[in-house]
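J.: Next comes the structure file target_2.tsv, holding TSV, C-alpha atoms and all ligand atoms.
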chain	number	residue	atom	x	y	z
A	1	MET	CA	-157.49	-84.41	-100.80
A	2	ALA	CA	-154.33	-83.38	-99.01
A	3	ALA	CA	-154.48	-83.68	-95.23
A	4	GLY	CA	-152.34	-80.54	-95.04
A	5	LYS	CA	-155.15	-78.47	-96.54
A	6	ARG	CA	-157.64	-79.74	-94.01
A	7	ARG	CA	-159.43	-77.11	-91.98
A	8	SER	CA	-161.43	-77.80	-88.86
A	9	PRO	CA	-165.12	-77.32	-89.55
A	10	ARG	CA	-166.46	-74.12	-88.08
A	11	THR	CA	-169.86	-72.58	-87.99
A	12	THR	CA	-170.31	-69.94	-90.65
A	13	SER	CA	-170.88	-67.24	-88.05
A	14	ALA	CA	-167.88	-68.00	-85.78
A	15	ALA	CA	-165.22	-66.59	-88.10
A	16	THR	CA	-166.50	-63.04	-87.80
A	17	GLU	CA	-166.69	-62.98	-84.01
A	18	GLY	CA	-164.28	-61.20	-81.69
A	19	ALA	CA	-162.50	-57.87	-81.55
A	20	PRO	CA	-159.74	-56.91	-84.01
A	21	ILE	CA	-156.34	-58.25	-82.97
A	22	ASN	CA	-152.81	-57.03	-83.69
A	23	LEU	CA	-150.42	-58.72	-86.16
A	24	ARG	CA	-148.44	-60.54	-83.51
A	25	ASP	CA	-151.63	-61.91	-82.01
A	26	GLU	CA	-152.81	-62.89	-85.47
A	27	GLY	CA	-149.59	-64.86	-85.96
A	28	ARG	CA	-150.16	-66.58	-82.61
A	29	VAL	CA	-153.71	-67.44	-83.65
A	30	ARG	CA	-152.47	-68.92	-86.93
A	31	VAL	CA	-149.92	-71.10	-85.18
A	32	LEU	CA	-152.42	-72.24	-82.54
A	33	ARG	CA	-155.05	-72.99	-85.18
A	34	ALA	CA	-152.55	-74.98	-87.23
A	35	LEU	CA	-151.67	-77.00	-84.13
A	36	GLN	CA	-155.34	-77.52	-83.30
A	37	ASP	CA	-156.09	-78.73	-86.85
A	38	SER	CA	-153.07	-81.02	-87.07
A	39	GLY	CA	-152.92	-82.22	-83.47
A	40	CYS	CA	-149.13	-82.12	-83.66
A	41	SER	CA	-146.67	-80.36	-86.03
A	42	SER	CA	-142.98	-79.67	-86.35
A	43	ARG	CA	-141.75	-76.09	-86.86
A	44	SER	CA	-141.18	-76.85	-90.55
A	45	GLU	CA	-144.76	-78.05	-90.92
A	46	LEU	CA	-145.98	-74.92	-89.17
A	47	ILE	CA	-144.15	-72.82	-91.76
A	48	SER	CA	-146.03	-74.52	-94.60
A	49	ARG	CA	-149.34	-74.61	-92.72
A	50	THR	CA	-149.30	-70.93	-91.73
A	51	GLY	CA	-147.31	-69.31	-94.55
A	52	LEU	CA	-145.19	-67.54	-91.92
A	53	SER	CA	-141.39	-67.29	-92.16
A	54	ARG	CA	-139.03	-69.57	-90.20
A	55	ALA	CA	-137.86	-66.62	-88.09
A	56	THR	CA	-141.44	-65.63	-87.24
A	57	ILE	CA	-142.39	-69.21	-86.38
A	58	THR	CA	-139.32	-69.54	-84.15
A	59	THR	CA	-140.24	-66.37	-82.24
A	60	LEU	CA	-143.95	-67.15	-81.98
A	61	VAL	CA	-143.40	-70.75	-80.87
A	62	ALA	CA	-140.93	-69.65	-78.16
A	63	ASP	CA	-143.48	-67.08	-77.03
A	64	LEU	CA	-146.34	-69.60	-76.97
A	65	ILE	CA	-144.25	-72.16	-75.07
A	66	ALA	CA	-143.34	-69.48	-72.50
A	67	SER	CA	-147.04	-68.63	-72.27
A	68	GLY	CA	-147.80	-72.23	-71.33
A	69	VAL	CA	-150.16	-72.92	-74.23
A	70	VAL	CA	-147.84	-74.88	-76.55
A	71	GLU	CA	-145.43	-77.68	-75.63
A	72	GLU	CA	-142.76	-79.76	-77.29
A	73	ARG	CA	-143.46	-83.45	-77.37
A	74	GLY	CA	-140.72	-86.04	-77.05
A	75	ASP	CA	-142.87	-88.52	-78.94
A	76	THR	CA	-141.74	-88.63	-82.57
A	77	ASN	CA	-143.30	-91.90	-83.63
A	78	ASP	CA	-145.62	-90.14	-86.10
A	79	GLY	CA	-143.14	-89.97	-88.94
A	80	LEU	CA	-141.47	-86.75	-87.88
A	81	ARG	CA	-138.13	-88.33	-86.95
A	82	ARG	CA	-135.54	-87.46	-89.55
A	83	ALA	CA	-131.99	-88.78	-89.81
A	84	GLY	CA	-131.78	-89.49	-86.10
A	85	ARG	CA	-132.69	-85.92	-85.18
A	86	PRO	CA	-136.17	-85.53	-83.71
A	87	ALA	CA	-138.26	-82.83	-85.41
A	88	GLN	CA	-139.51	-81.67	-81.99
A	89	PRO	CA	-143.23	-81.88	-82.71
A	90	LEU	CA	-145.32	-79.18	-81.11
A	91	ALA	CA	-148.82	-79.43	-79.72
A	92	LEU	CA	-151.32	-77.41	-77.73
A	93	VAL	CA	-151.02	-77.94	-73.99
A	94	ALA	CA	-154.13	-80.03	-73.38
A	95	SER	CA	-154.83	-78.49	-69.96
A	96	ALA	CA	-154.50	-74.90	-71.25
A	97	ALA	CA	-158.22	-74.75	-72.04
A	98	TYR	CA	-161.34	-76.83	-71.59
A	99	ALA	CA	-164.81	-76.98	-73.07
A	100	ALA	CA	-167.86	-78.09	-71.17
A	101	ALA	CA	-170.60	-79.75	-73.18
A	102	VAL	CA	-174.19	-80.83	-72.64
A	103	ASP	CA	-176.22	-83.07	-74.96
A	104	ILE	CA	-179.95	-82.76	-74.31
A	105	GLY	CA	-181.79	-85.66	-75.95
A	106	HIS	CA	-185.43	-86.60	-75.51
A	107	GLN	CA	-184.75	-89.12	-72.74
A	108	HIS	CA	-181.24	-88.32	-71.54
A	109	VAL	CA	-178.74	-85.65	-70.61
A	110	ARG	CA	-175.09	-86.28	-71.33
A	111	VAL	CA	-172.43	-83.99	-69.90
A	112	ALA	CA	-168.75	-83.96	-70.81
A	113	VAL	CA	-165.68	-81.84	-70.21
A	114	CYS	CA	-163.05	-81.94	-72.94
A	115	ASP	CA	-159.50	-80.61	-72.85
A	116	ALA	CA	-157.95	-78.41	-75.56
A	117	SER	CA	-157.14	-81.49	-77.66
A	118	GLY	CA	-160.82	-82.48	-77.69
A	119	THR	CA	-160.23	-85.45	-75.40
A	120	SER	CA	-163.07	-86.05	-73.01
A	121	VAL	CA	-161.69	-86.01	-69.46
A	122	TRP	CA	-165.04	-86.48	-67.69
A	123	GLU	CA	-168.34	-87.73	-69.01
A	124	ARG	CA	-171.66	-88.80	-67.54
A	125	VAL	CA	-175.05	-89.69	-68.98
A	126	ALA	CA	-178.29	-89.59	-67.00
A	127	ALA	CA	-181.72	-90.87	-68.00
A	128	VAL	CA	-184.36	-88.18	-67.58
A	129	ASP	CA	-187.72	-87.34	-69.13
A	130	VAL	CA	-186.25	-84.33	-70.92
A	131	ASP	CA	-189.27	-83.58	-73.10
A	132	HIS	CA	-191.53	-82.82	-70.15
A	133	THR	CA	-189.09	-81.42	-67.59
A	134	PRO	CA	-187.03	-78.52	-68.96
A	135	THR	CA	-186.23	-76.96	-65.57
A	136	GLN	CA	-185.18	-80.23	-63.93
A	137	THR	CA	-183.16	-81.16	-67.03
A	138	LEU	CA	-181.24	-77.89	-67.00
A	139	ASP	CA	-180.70	-78.11	-63.21
A	140	LEU	CA	-179.34	-81.63	-63.64
A	141	ALA	CA	-177.02	-80.60	-66.50
A	142	ALA	CA	-175.66	-77.69	-64.44
A	143	SER	CA	-175.07	-79.83	-61.37
A	144	LEU	CA	-173.28	-82.50	-63.44
A	145	LEU	CA	-171.04	-79.79	-64.90
A	146	GLU	CA	-170.15	-78.54	-61.43
A	147	GLU	CA	-169.39	-82.12	-60.41
A	148	ALA	CA	-167.12	-82.52	-63.45
A	149	LEU	CA	-165.10	-79.37	-62.71
A	150	ARG	CA	-164.73	-80.40	-59.06
A	151	ALA	CA	-163.80	-84.00	-59.86
A	152	GLN	CA	-161.15	-82.96	-62.41
A	153	ASP	CA	-159.98	-79.94	-60.38
A	154	ILE	CA	-160.37	-77.69	-63.43
A	155	PRO	CA	-160.10	-73.94	-62.77
A	156	ARG	CA	-163.28	-72.27	-64.03
A	157	GLU	CA	-161.26	-69.57	-65.85
A	158	ARG	CA	-159.81	-72.26	-68.12
A	159	VAL	CA	-163.27	-73.34	-69.30
A	160	LEU	CA	-163.96	-71.50	-72.55
A	161	GLY	CA	-167.69	-72.09	-72.35
A	162	VAL	CA	-170.50	-74.61	-72.51
A	163	GLY	CA	-171.65	-76.08	-75.82
A	164	VAL	CA	-175.26	-77.20	-75.63
A	165	GLY	CA	-176.43	-79.75	-78.19
A	166	ILE	CA	-180.16	-80.35	-78.27
A	167	ALA	CA	-182.53	-82.68	-80.15
A	168	CYS	CA	-184.51	-79.78	-81.56
A	169	PRO	CA	-184.02	-77.32	-84.41
A	170	VAL	CA	-182.11	-74.21	-83.27
A	171	GLU	CA	-182.78	-70.82	-84.84
A	172	THR	CA	-179.40	-69.15	-84.92
A	173	THR	CA	-180.80	-65.69	-85.64
A	174	ASN	CA	-181.84	-65.38	-81.99
A	175	ASP	CA	-180.40	-68.56	-80.37
A	176	THR	CA	-183.85	-69.99	-79.68
A	177	LEU	CA	-185.42	-73.40	-80.12
A	178	TYR	CA	-187.93	-74.17	-82.83
A	179	ALA	CA	-189.69	-76.47	-80.37
A	180	GLU	CA	-193.30	-76.27	-81.55
A	181	GLY	CA	-194.59	-79.80	-82.13
A	182	ILE	CA	-191.15	-81.26	-81.33
A	183	MET	CA	-190.39	-80.49	-77.67
A	184	THR	CA	-193.54	-78.58	-76.81
A	185	ASP	CA	-192.71	-78.10	-73.12
A	186	TRP	CA	-189.52	-76.31	-74.23
A	187	VAL	CA	-191.30	-73.63	-76.28
A	188	GLY	CA	-189.94	-70.28	-75.07
A	189	VAL	CA	-187.11	-71.89	-73.06
A	190	ARG	CA	-183.64	-70.54	-73.87
A	191	PRO	CA	-181.30	-73.39	-72.86
A	192	ALA	CA	-178.06	-71.48	-73.48
A	193	ASP	CA	-179.15	-68.52	-71.33
A	194	GLU	CA	-180.45	-70.87	-68.65
A	195	LEU	CA	-177.21	-72.86	-68.46
A	196	SER	CA	-175.13	-69.70	-68.57
A	197	ARG	CA	-177.10	-68.32	-65.63
A	198	ARG	CA	-176.69	-71.57	-63.68
A	199	THR	CA	-172.96	-72.06	-64.36
A	200	GLY	CA	-171.58	-68.56	-64.88
A	201	LEU	CA	-170.05	-69.76	-68.16
A	202	ALA	CA	-170.78	-68.51	-71.66
A	203	ALA	CA	-173.06	-71.02	-73.40
A	204	GLU	CA	-173.77	-71.69	-77.04
A	205	LEU	CA	-176.62	-73.73	-78.52
A	206	ILE	CA	-176.37	-76.15	-81.43
A	207	ASN	CA	-178.78	-78.68	-82.92
A	208	ASP	CA	-177.71	-82.28	-82.23
A	209	ALA	CA	-177.32	-83.25	-85.92
A	210	ASN	CA	-175.08	-80.23	-86.51
A	211	ALA	CA	-173.13	-81.14	-83.36
A	212	GLY	CA	-172.77	-84.68	-84.69
A	213	ALA	CA	-171.43	-83.35	-87.99
A	214	LEU	CA	-168.84	-81.25	-86.14
A	215	ALA	CA	-167.80	-84.18	-83.94
A	216	GLU	CA	-167.41	-86.72	-86.75
A	217	SER	CA	-165.46	-84.09	-88.73
A	218	LEU	CA	-163.14	-83.18	-85.87
A	219	TYR	CA	-162.69	-86.49	-84.08
A	220	GLY	CA	-164.49	-89.27	-85.97
A	221	ALA	CA	-165.22	-90.85	-89.34
A	222	ALA	CA	-164.83	-87.62	-91.36
A	223	ARG	CA	-161.41	-86.46	-90.14
A	224	ASN	CA	-159.44	-85.06	-93.09
A	225	CYS	CA	-162.64	-84.56	-95.08
A	226	ASN	CA	-163.74	-81.05	-96.07
A	227	HIS	CA	-167.07	-81.98	-97.69
A	228	MET	CA	-169.29	-84.26	-95.68
A	229	ILE	CA	-172.88	-84.83	-94.65
A	230	TYR	CA	-173.79	-86.28	-91.27
A	231	VAL	CA	-177.21	-87.87	-90.99
A	232	ARG	CA	-178.63	-88.52	-87.55
A	233	LEU	CA	-181.31	-91.22	-87.43
A	234	SER	CA	-182.85	-91.00	-83.99
A	235	ALA	CA	-186.23	-90.08	-82.50
A	236	GLY	CA	-185.71	-87.02	-84.67
A	237	ILE	CA	-183.98	-87.19	-88.04
A	238	GLY	CA	-181.67	-84.40	-89.13
A	239	ALA	CA	-178.48	-83.72	-91.04
A	240	GLY	CA	-175.42	-81.55	-90.61
A	241	ILE	CA	-173.70	-80.28	-93.75
A	242	VAL	CA	-169.99	-79.44	-93.96
A	243	THR	CA	-168.77	-77.88	-97.22
A	244	SER	CA	-165.25	-76.50	-97.71
A	245	GLY	CA	-164.60	-77.13	-94.03
A	246	GLN	CA	-167.54	-74.98	-92.92
A	247	LEU	CA	-170.60	-76.23	-91.09
A	248	GLN	CA	-173.54	-74.83	-93.05
A	249	LEU	CA	-176.39	-73.68	-90.83
A	250	GLY	CA	-178.36	-71.74	-93.44
A	251	GLY	CA	-179.90	-68.29	-93.00
A	252	ASN	CA	-181.75	-69.22	-89.80
A	253	GLY	CA	-179.97	-72.32	-88.56
A	254	LEU	CA	-182.52	-74.73	-90.00
A	255	ALA	CA	-180.47	-76.14	-92.90
A	256	GLY	CA	-180.36	-79.93	-93.06
A	257	GLU	CA	-183.70	-80.71	-91.43
A	258	ILE	CA	-184.13	-83.72	-93.72
A	259	GLY	CA	-186.50	-85.42	-91.30
A	260	HIS	CA	-189.10	-83.14	-92.84
A	261	LEU	CA	-188.49	-83.89	-96.49
A	262	GLN	CA	-191.66	-85.44	-97.85
A	263	VAL	CA	-191.28	-89.06	-98.92
A	264	GLU	CA	-194.96	-90.17	-98.89
A	265	PRO	CA	-197.46	-87.53	-100.08
A	266	ARG	CA	-200.36	-89.50	-98.56
A	267	GLY	CA	-198.41	-90.65	-95.51
A	268	ARG	CA	-198.93	-89.86	-91.84
A	269	VAL	CA	-199.27	-86.34	-90.55
A	270	CYS	CA	-195.92	-85.34	-89.04
A	271	ARG	CA	-195.34	-83.51	-85.75
A	272	CYS	CA	-194.18	-80.54	-87.88
A	273	GLY	CA	-197.68	-80.27	-89.36
A	274	ASN	CA	-196.82	-81.51	-92.84
A	275	ARG	CA	-197.58	-84.97	-94.16
A	276	GLY	CA	-195.46	-87.99	-95.07
A	277	CYS	CA	-192.17	-86.55	-93.78
A	278	LEU	CA	-189.15	-88.89	-93.62
A	279	GLU	CA	-189.41	-88.88	-89.83
A	280	THR	CA	-192.91	-90.45	-90.00
A	281	LEU	CA	-191.38	-93.46	-91.80
A	282	ALA	CA	-187.80	-93.90	-90.72
A	283	SER	CA	-187.34	-92.90	-87.07
A	284	PRO	CA	-187.01	-95.86	-84.67
A	285	VAL	CA	-190.31	-94.77	-83.08
A	286	ALA	CA	-192.05	-94.79	-86.48
A	287	ILE	CA	-190.66	-98.25	-87.28
A	288	ALA	CA	-191.72	-99.61	-83.89
A	289	ASN	CA	-195.18	-98.08	-84.41
A	290	LEU	CA	-195.46	-99.77	-87.81
A	291	LEU	CA	-194.74	-103.14	-86.22
A	292	ALA	CA	-197.16	-102.42	-83.37
A	293	HIS	CA	-199.89	-101.59	-85.88
A	294	SER	CA	-199.23	-104.74	-87.91
A	295	TRP	CA	-198.98	-107.02	-84.91
A	296	ASN	CA	-201.77	-105.30	-82.96
A	297	ARG	CA	-199.71	-105.08	-79.77
A	298	PRO	CA	-197.39	-102.48	-78.24
A	299	VAL	CA	-193.81	-102.46	-79.59
A	300	ASP	CA	-191.30	-99.92	-78.23
A	301	THR	CA	-187.90	-99.02	-79.65
A	302	ASP	CA	-186.03	-101.20	-77.13
A	303	GLU	CA	-187.99	-104.22	-78.40
A	304	LEU	CA	-187.35	-103.13	-82.00
A	305	PHE	CA	-183.58	-103.33	-81.46
A	306	ARG	CA	-183.92	-106.67	-79.64
A	307	LEU	CA	-185.95	-108.04	-82.58
A	308	LEU	CA	-183.34	-106.80	-85.06
A	309	GLU	CA	-180.58	-108.46	-83.08
A	310	ALA	CA	-182.57	-111.71	-83.07
A	311	GLY	CA	-182.98	-111.48	-86.87
A	312	ASP	CA	-186.76	-111.04	-86.84
A	313	HIS	CA	-187.91	-110.87	-90.47
A	314	GLY	CA	-190.66	-108.27	-89.90
A	315	ALA	CA	-188.37	-105.93	-87.99
A	316	GLN	CA	-185.64	-106.33	-90.62
A	317	ARG	CA	-188.06	-105.63	-93.46
A	318	ALA	CA	-189.33	-102.49	-91.72
A	319	VAL	CA	-185.75	-101.24	-91.23
A	320	GLU	CA	-184.87	-102.05	-94.85
A	321	ASP	CA	-187.81	-99.97	-96.07
A	322	ALA	CA	-186.73	-97.15	-93.76
A	323	GLY	CA	-183.21	-97.41	-95.20
A	324	GLU	CA	-184.61	-97.12	-98.71
A	325	ALA	CA	-186.55	-93.96	-97.79
A	326	VAL	CA	-183.55	-92.42	-95.99
A	327	GLY	CA	-181.44	-93.21	-99.06
A	328	ARG	CA	-183.77	-91.22	-101.31
A	329	CYS	CA	-183.40	-88.17	-99.08
A	330	ILE	CA	-179.62	-88.59	-98.80
A	331	ALA	CA	-179.51	-88.86	-102.62
A	332	ALA	CA	-181.07	-85.40	-102.83
A	333	MET	CA	-178.41	-84.06	-100.47
A	334	VAL	CA	-175.62	-85.79	-102.43
A	335	THR	CA	-176.94	-84.15	-105.61
A	336	LEU	CA	-177.10	-80.74	-103.93
A	337	PHE	CA	-173.81	-80.76	-102.01
A	338	ASP	CA	-171.53	-83.32	-103.71
A	339	PRO	CA	-169.97	-84.63	-100.47
A	340	GLU	CA	-166.98	-86.95	-100.29
A	341	LEU	CA	-168.45	-88.76	-97.34
A	342	VAL	CA	-171.88	-89.42	-95.84
A	343	VAL	CA	-171.65	-90.38	-92.17
A	344	VAL	CA	-174.73	-92.01	-90.65
A	345	GLY	CA	-175.23	-91.86	-86.90
A	346	GLY	CA	-178.03	-91.93	-84.36
A	347	GLU	CA	-179.44	-95.02	-82.70
A	348	LEU	CA	-180.92	-96.49	-85.90
A	349	ALA	CA	-177.40	-96.68	-87.38
A	350	THR	CA	-176.72	-99.49	-84.89
A	351	ALA	CA	-179.08	-101.66	-87.01
A	352	GLY	CA	-176.09	-102.18	-89.35
A	353	GLU	CA	-176.43	-103.79	-92.78
A	354	PRO	CA	-180.24	-104.22	-92.77
A	355	LEU	CA	-180.27	-100.41	-92.81
A	356	PHE	CA	-177.07	-99.59	-94.73
A	357	GLU	CA	-177.41	-101.98	-97.68
A	358	PRO	CA	-180.84	-100.70	-98.88
A	359	MET	CA	-179.79	-97.14	-98.04
A	360	ARG	CA	-176.65	-97.32	-100.21
A	361	ARG	CA	-178.64	-99.02	-103.00
A	362	SER	CA	-181.32	-96.33	-102.85
A	363	ILE	CA	-178.73	-93.52	-102.97
A	364	ARG	CA	-177.04	-95.09	-106.02
A	365	ARG	CA	-180.40	-95.38	-107.75
A	366	HIS	CA	-181.30	-91.72	-107.22
A	367	VAL	CA	-178.07	-89.85	-107.97
A	368	MET	CA	-176.11	-89.36	-111.19
A	369	PRO	CA	-173.83	-92.35	-111.79
A	370	ARG	CA	-170.70	-90.21	-111.35
A	371	SER	CA	-171.98	-88.86	-108.03
A	372	ALA	CA	-172.51	-92.44	-106.90
A	373	GLU	CA	-168.80	-93.10	-107.51
A	374	ASN	CA	-167.63	-89.92	-105.78
A	375	HIS	CA	-168.86	-90.49	-102.26
A	376	ARG	CA	-168.82	-93.16	-99.57
A	377	VAL	CA	-171.49	-93.92	-96.98
A	378	VAL	CA	-170.16	-95.03	-93.58
A	379	ALA	CA	-171.39	-95.44	-90.03
A	380	GLY	CA	-170.33	-92.78	-87.54
A	381	GLU	CA	-167.41	-93.63	-85.27
A	382	LEU	CA	-168.60	-91.73	-82.21
A	383	GLY	CA	-171.99	-93.38	-81.65
A	384	ASP	CA	-174.21	-91.75	-79.04
A	385	ARG	CA	-171.33	-89.50	-77.88
A	386	ALA	CA	-171.29	-87.56	-81.18
A	387	ALA	CA	-173.60	-84.74	-80.05
A	388	VAL	CA	-171.80	-84.01	-76.78
A	389	LEU	CA	-168.34	-84.14	-78.41
A	390	GLY	CA	-169.56	-81.83	-81.19
A	391	ALA	CA	-170.94	-79.37	-78.64
A	392	ALA	CA	-167.50	-79.37	-77.00
A	393	GLY	CA	-165.86	-79.01	-80.42
A	394	LEU	CA	-167.99	-75.93	-81.10
A	395	VAL	CA	-166.55	-74.27	-77.99
A	396	LEU	CA	-162.99	-75.44	-78.71
A	397	THR	CA	-162.96	-73.81	-82.16
A	398	LYS	CA	-162.54	-70.56	-80.18
A	399	ALA	CA	-159.49	-71.87	-78.31
A	400	PRO	CA	-156.83	-70.43	-80.68
A	401	ASP	CA	-158.31	-66.91	-80.41
A	402	VAL	CA	-158.55	-67.11	-76.62
A	403	LEU	CA	-155.18	-68.80	-76.01
A	404	ALA	CA	-153.43	-66.28	-78.28
A	405	GLN	CA	-154.19	-63.67	-75.61
A	406	THR	CA	-152.25	-65.62	-72.93
A	407	ARG	CA	-149.03	-63.81	-72.10
A	408	PRO	CA	-145.75	-65.37	-70.89
A	409	THR	CA	-145.62	-65.71	-67.13
A	410	ALA	CA	-141.82	-66.04	-67.09
A	411	PRO	CA	-139.02	-65.24	-69.58
A	412	ALA	CA	-138.60	-67.88	-72.31
A	413	LEU	CA	-135.83	-70.35	-71.56
A	414	PRO	CA	-132.76	-70.01	-73.80
B	1	ZN	ZN	-192.36	-83.14	-90.67
Starting from the file, lay out its structure as structure tokens.
T.:
Amino acid sequence: MAAGKRRSPRTTSAATEGAPINLRDEGRVRVLRALQDSGCSSRSELISRTGLSRATITTLVADLIASGVVEERGDTNDGLRRAGRPAQPLALVASAAYAAAVDIGHQHVRVAVCDASGTSVWERVAAVDVDHTPTQTLDLAASLLEEALRAQDIPRERVLGVGVGIACPVETTNDTLYAEGIMTDWVGVRPADELSRRTGLAAELINDANAGALAESLYGAARNCNHMIYVRLSAGIGAGIVTSGQLQLGGNGLAGEIGHLQVEPRGRVCRCGNRGCLETLASPVAIANLLAHSWNRPVDTDELFRLLEAGDHGAQRAVEDAGEAVGRCIAAMVTLFDPELVVVGGELATAGEPLFEPMRRSIRRHVMPRSAENHRVVAGELGDRAAVLGAAGLVLTKAPDVLAQTRPTAPALP
């Protein structure tokens, strides 16, 4: 796969948003998008990435530099130096736009502000009983965001919006949570509207597994990969699917909810109302509960991870069996979507080989032999920051369209 053909993953609905723009603006958008996808490009690379002529690129780049949204970098240590003459690599001005992001887990709120390059410039995580305190959680997220903008002295007009990742299925048809049985106190709450009202910024909601898929694609283990599946193994289990560079949300936003694939027909009743779902076997809570039942004493997830670190045989066996079950579900996704890469994140991924070895073995056993050769299974690179970075990435995918509207404040230098 050629890195030059790489496209940043976008949600399937984002491409159709926005008002019609004129040809010059469209050229500016193409250049800005090429720079966002590549991080840094010479003018010659922009010609091949955008399909625009050298003359057009020269004009547009001068225009974008004068507008303060593109800059020339002196740093040419990325292979662009040719015959002693620097290729003058171009990049987005990082401070030209920002994205705010909130990750709402079950027990924490994480807030970040990222610049136009996707680099987090401020980040904070706070422990809070999210499941039972929607109003306090949203108040806290909003106040942390205000603190971030103050601390970094970021003008509010440069913030493109707030991405809100949440540990709950999100129905994209009406931007609501499917919280029944999952985050019951959040039923009827509209987190994006609530945060928008509190901050005055446009807000957009995304499920945490989909946010993780975006983040690992943009900034993590799946950079330069157009076909990937991200699996999040946390209190909830879910997957984000990227095919041909597009994040696939399905007709209602519920694609990839693999936590509710049935793996044990006679298993436990799941919080979704079905029986024997993957989540009832392979979430850290389910594994801890299995040990608690066997040992006839309370075991929480913190103890589970301590036991794993200490090499406890029972804890390892329980995680291995979970890995085997997760592998069967991933095998179904590999068969359906033929990814190049499967990225596994969420807190259970920190269990390492006791999880990954049986998971890889189980996938190999349940897919066609050729499919087994065609993909790799790796741990995520972004850890517990994946959801918040993906929520920021969701907002930043709009940056080229917004920055293309910036007009020069002074004549371009000769
Ligand atoms: Zn279920």
J.: One number please: atom CA of A:Val402 to atom CA of A:Val29, in Å, one decimal.
T.: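 A separation of 8.5 Å between them.
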J.: Let me have all residues with an atom within 6 Å of ligand ZN 1 (chain B), counting all atoms listed in the file, laid out as a ChimeraX atom specification.
T.: /A:260,270-272,274,277
J.: What does the structure give for the distance between atom CA of A:Ile166 and atom CA of A:Ala97, in Å to one decimal?
T.: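 Value for the atom CA of A:Ile166-atom CA of A:Ala97 distance: 23.5 Å.
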J.: Rounded to one decimal in Å, what is the spacing between atom CA of A:Ile287 and atom CA of A:Ile258?
T.: 17.2 Å
J.: For the contact check between stretch 178-215 of chain A and stretch 131-151 of chain A, emit one row per residue of stretch 178-215 of chain A within 12 Å, containing the shortest atom pair and the distance in Å rounded to one decimal, counting all atoms listed in the file, chain then rising number order, as a tab-separated table.
T.:
residue	atom	partner	partner_atom	distance
A:Ala179	CA	A:Asp131	CA	10.2
A:Glu180	CA	A:Asp131	CA	11.9
A:Gly181	CA	A:Asp131	CA	11.1
A:Ile182	CA	A:Asp131	CA	8.8
A:Met183	CA	A:Asp131	CA	5.6
A:Thr184	CA	A:Asp131	CA	7.5
A:Asp185	CA	A:His132	CA	5.7
A:Trp186	CA	A:Pro134	CA	6.2
A:Val187	CA	A:Pro134	CA	9.8
A:Gly188	CA	A:Pro134	CA	10.7
A:Val189	CA	A:Pro134	CA	7.8
A:Arg190	CA	A:Pro134	CA	10.0
A:Pro191	CA	A:Leu138	CA	7.4
A:Ala192	CA	A:Leu138	CA	9.7
A:Asp193	CA	A:Leu138	CA	10.5
A:Glu194	CA	A:Leu138	CA	7.3
A:Leu195	CA	A:Ala142	CA	6.5
A:Ser196	CA	A:Ala142	CA	9.0
A:Arg197	CA	A:Ala142	CA	9.6
A:Arg198	CA	A:Ala142	CA	6.3
A:Thr199	CA	A:Ala142	CA	6.2
A:Gly200	CA	A:Ala142	CA	10.0
A:Leu201	CA	A:Ala142	CA	10.4
A:Ala203	CA	A:Ala142	CA	11.5
J.: Could you check the closest approach to A:Leu308 for each of A:Met333, A:Arg24, A:Gly352, A:Ala322 and tell me which residue wins, using all atoms listed in the file?
T.: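 Of the candidates, the smallest distance to A:Leu308 is held by A:Gly352.
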J.: Using all atoms listed in the file, determine which residues lie at most 6 Å from stretch 385-396 of chain A, disregarding the query and same-chain residues fewer than 4 positions distant; provide the list as a list in words.
T.: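 Here the answer would be Ala99, Ala100, Ala101, Val102, Asp103, Gly163, Val164, Gly165, Asp208, Ala211, Gly212, Leu214 and Ala215 of chain A.
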J.: Neighbouring residues of A:Ala213 were defined as those with any atom within 9 Å, considering all atoms listed in the file; residues of the same chain fewer than 6 positions away were excluded. Please report them as a PyMOL selection string.
T.: chain A and resi 9+222+228-232+239-242+247+343+386-387+390
